[in-house]
Amino acid sequence: MSHYFDERPGVASDLVVVDVVLADVAFTLATDRGVFSHGHVDSGTLLLLQQAPTPAATGDLLDLGCGAGPIAVALAKRSPAATVWAVDVNERARDLTAANAARNGLDNVRVVAPDGVPDEVVFSTIWSNPPIRIGKHALHDLLLAWLGRLAPDGDAVLVVQKNLGADSLQRWLGEHGHPTERIASRAGFRLLRTTT
């Protein structure tokens, strides 16, 4: 069985192009099987894109678990003077994100595997629809590793389904040194903002 968090998805490719229209930016996005949210931008990601606070205008920004790249593309369009790091373990997702950045004329997106971000890079903004289904321990390790790279005045915005543990994750983050508040809620999703 193939998962969107597999390094090399085993399902056949089936590209579907979608239009994403937000209040301030619009773009076209190719999606594919074996990558999260094939054929559309999922409701959680849309909530993040519509309701997250304005990202940092400069510095390094992170889309953690980029999938086809809707978050990376939106960050790059909203913060053209920043460098957006789009990180995913899924090779097909990375290829899609790079193609989608090029499709939208963006040259400020760097698409890499998780170990491809230089150690010295810290992030002014992290946005993520994190891969909850990798399991609680793996998710906790993933979040602690990347939240530990927030700049001193940075913030992270995560979107998590309520029925997949958003409220317990919010508490857990606070208990592990990352004060977290709920900033929006819609259609069973929570938008959580974490600061350093």
# chains A, B, ... in the order shown; residues from 1 in each chain; ligands from 1
>>> residues_around(residues="range 51-64 of chain A", least_positions_apart="3", cutoff="6 Å", atoms="only C-alpha atoms", output="list of chain:residue names")
A:Leu47, A:Leu48, A:Ala72, A:Ser79, A:Ala81, A:Ala82, A:Thr83, A:Val84, A:Trp85, A:Ala86, A:Val87, A:Phe123, A:Ser124, A:Thr125, A:Ile126, A:Trp127, A:Ser128
>>> write_last_selection(atoms="N, CA and C atoms", output="tab-separated table (two decimals), in the first residue's frame")
chain	number	residue	atom	x	y	z
A	47	LEU	N	-7.89	26.26	4.91
A	47	LEU	CA	-8.07	27.04	6.14
A	47	LEU	C	-6.78	27.75	6.51
A	48	LEU	N	-5.66	27.03	6.44
A	48	LEU	CA	-4.37	27.64	6.75
A	48	LEU	C	-4.09	28.80	5.78
A	72	ALA	N	3.78	26.25	-0.12
A	72	ALA	CA	5.03	26.86	-0.59
A	72	ALA	C	4.77	27.93	-1.63
A	79	SER	N	5.43	36.48	0.00
A	79	SER	CA	6.70	36.99	0.53
A	79	SER	C	7.80	36.83	-0.53
A	81	ALA	N	10.38	38.44	-1.28
A	81	ALA	CA	11.76	38.72	-0.87
A	81	ALA	C	12.31	37.65	0.07
A	82	ALA	N	11.50	36.68	0.44
A	82	ALA	CA	11.93	35.60	1.33
A	82	ALA	C	12.35	34.37	0.52
A	83	THR	N	13.06	33.46	1.18
A	83	THR	CA	13.37	32.16	0.61
A	83	THR	C	12.43	31.14	1.26
A	84	VAL	N	11.68	30.43	0.45
A	84	VAL	CA	10.74	29.42	0.94
A	84	VAL	C	11.35	28.04	0.75
A	85	TRP	N	11.52	27.32	1.84
A	85	TRP	CA	12.01	25.95	1.82
A	85	TRP	C	10.81	25.02	1.81
A	86	ALA	N	10.68	24.21	0.79
A	86	ALA	CA	9.60	23.24	0.67
A	86	ALA	C	10.20	21.86	0.93
A	87	VAL	N	9.80	21.24	2.04
A	87	VAL	CA	10.43	20.01	2.50
A	87	VAL	C	9.42	18.86	2.49
A	123	PHE	N	14.05	29.59	10.74
A	123	PHE	CA	12.86	30.01	10.00
A	123	PHE	C	12.09	31.10	10.72
A	124	SER	N	11.75	32.14	9.97
A	124	SER	CA	10.90	33.21	10.48
A	124	SER	C	9.45	32.76	10.53
A	125	THR	N	9.06	31.93	9.58
A	125	THR	CA	7.69	31.41	9.50
A	125	THR	C	7.75	29.94	9.11
A	126	ILE	N	6.97	29.11	9.80
A	126	ILE	CA	6.75	27.72	9.41
A	126	ILE	C	5.26	27.53	9.24
A	127	TRP	N	4.85	27.03	8.09
A	127	TRP	CA	3.45	26.65	7.86
A	127	TRP	C	3.43	25.17	7.51
A	128	SER	N	2.46	24.45	8.08
A	128	SER	CA	2.41	23.02	7.80
A	128	SER	C	1.02	22.45	8.03
>>> residues_around(residues="range 14-22 of chain A", least_positions_apart="5", cutoff="6 Å", atoms="only C-alpha atoms", output="list of chain:residue names")
A:Phe27, A:Thr28, A:Leu29, A:Ala30, A:Thr31, A:Asp32, A:Arg33, A:Gly39
>>> atom_distance(atom1="CA of Thr196 in chain A", atom2="CA of Gly154 in chain A")
6.5 Å
>>> residues_around(residues="Ile132 in chain A", least_positions_apart="4", cutoff="8 Å", atoms="only C-alpha atoms", output="PyMOL selection string")
chain A and resi 136+139+160+164
>>> write_last_selection(atoms="N, CA and C atoms", output="compact mmCIF listing (two decimals), in the first residue's frame")
# COMPACT_ATOMS: atom_id res chain seq x y z
N LYS A 136 1.97 9.04 16.15
CA LYS A 136 2.18 10.08 17.17
C LYS A 136 3.65 10.31 17.49
N LEU A 139 5.47 11.88 14.56
CA LEU A 139 5.00 13.26 14.40
C LEU A 139 5.63 14.16 15.46
N VAL A 160 -4.59 21.04 11.87
CA VAL A 160 -4.76 19.66 12.29
C VAL A 160 -6.25 19.39 12.47
N LEU A 164 -8.32 14.04 14.72
CA LEU A 164 -7.00 13.40 14.65
C LEU A 164 -6.06 13.95 15.72
>>> atom_distance(atom1="CA of His40 in chain A", atom2="CA of Asp88 in chain A")
18.4 Å
>>> residues_around(residues="Val121 in chain A", least_positions_apart="3", cutoff="9 Å", atoms="only C-alpha atoms", output="list in words")
Asp60, Val117, Pro118 and Arg149 of chain A
>>> select_by_dssp(residues="range 1-194 of chain A", states="helix (DSSP H, G or I)", output="ChimeraX atom specification")
/A:43-51,70-78,91-103,114-116,132-134,136-147,162-164,166-175
>>> residues_around(residues="Thr97 in chain A", least_positions_apart="5", cutoff="9 Å", atoms="only C-alpha atoms", output="list in words")
Leu29, Ala30, Cys66, Gly67, Ala68, Gly69, Pro70, Ala72, Val73, Ala86, Arg92, Ala102, Val109 and Val111 of chain A
>>> select_by_dssp(residues="chain A", states="strand (DSSP E or B)", output="ChimeraX atom specification")
/A:16-21,26-31,60-64,83-87,109-112,123-128,150-161,180-186,189-195
>>> residues_around(residues="Gln170 in chain A", least_positions_apart="3", cutoff="8 Å", atoms="only C-alpha atoms", output="list in words")
Ala166, Asp167, Leu173, Gly174, Thr180, Glu181, Arg182 and Leu192 of chain A
>>> atom_distance(atom1="CA of Gly65 in chain A", atom2="CA of Glu175 in chain A")
23.4 Å
>>> closest_residue(among="A:Ala184, A:Ala12, A:Val89, A:Leu96", to="Val112 in chain A", atoms="only C-alpha atoms")
A:Val89
>>> closest_residue(among="A:Ser43, A:Ser185, A:Asn108, A:Ser13", to="Lys162 in chain A", atoms="only C-alpha atoms")
A:Ser185
>>> closest_residue(among="A:Leu169, A:Ala98, A:Leu147, A:Val159", to="Thr195 in chain A", atoms="only C-alpha atoms")
A:Leu147
>>> closest_residue(among="A:Trp172, A:Phe36, A:Trp146, A:Phe189", to="Pro131 in chain A", atoms="only C-alpha atoms")
A:Phe36
>>> decode(residues="range 152-167 of chain A", atoms="N, CA and C atoms", output="compact mmCIF listing (two decimals), in the first residue's frame")
# COMPACT_ATOMS: atom_id res chain seq x y z
N PRO A 152 14.09 33.47 16.82
CA PRO A 152 13.61 33.95 18.11
C PRO A 152 12.26 34.67 18.06
N ASP A 153 11.98 35.39 16.98
CA ASP A 153 10.70 36.09 16.87
C ASP A 153 9.77 35.40 15.86
N GLY A 154 10.07 34.14 15.53
CA GLY A 154 9.31 33.43 14.51
C GLY A 154 8.03 32.82 15.05
N ASP A 155 7.21 32.34 14.12
CA ASP A 155 6.02 31.59 14.52
C ASP A 155 5.74 30.48 13.53
N ALA A 156 5.04 29.48 14.02
CA ALA A 156 4.64 28.34 13.19
C ALA A 156 3.13 28.23 13.23
N VAL A 157 2.53 27.93 12.08
CA VAL A 157 1.09 27.72 12.01
C VAL A 157 0.86 26.32 11.45
N LEU A 158 0.14 25.51 12.24
CA LEU A 158 -0.16 24.13 11.87
C LEU A 158 -1.66 23.97 11.75
N VAL A 159 -2.10 23.20 10.78
CA VAL A 159 -3.53 22.87 10.68
C VAL A 159 -3.68 21.37 10.94
N VAL A 160 -4.59 21.04 11.87
CA VAL A 160 -4.76 19.66 12.29
C VAL A 160 -6.25 19.39 12.47
N GLN A 161 -6.69 18.22 12.02
CA GLN A 161 -8.09 17.84 12.23
C GLN A 161 -8.35 17.61 13.71
N LYS A 162 -9.51 18.09 14.16
CA LYS A 162 -9.90 17.89 15.55
C LYS A 162 -9.94 16.41 15.90
N ASN A 163 -10.54 15.60 15.02
CA ASN A 163 -10.68 14.17 15.34
C ASN A 163 -9.38 13.39 15.17
N LEU A 164 -8.32 14.04 14.72
CA LEU A 164 -7.00 13.40 14.65
C LEU A 164 -6.06 13.95 15.72
N GLY A 165 -6.65 14.60 16.74
CA GLY A 165 -5.85 14.97 17.90
C GLY A 165 -5.35 16.39 17.97
N ALA A 166 -6.03 17.34 17.31
CA ALA A 166 -5.57 18.73 17.32
C ALA A 166 -5.46 19.29 18.74
N ASP A 167 -6.47 19.03 19.57
CA ASP A 167 -6.47 19.63 20.90
C ASP A 167 -5.38 19.02 21.79
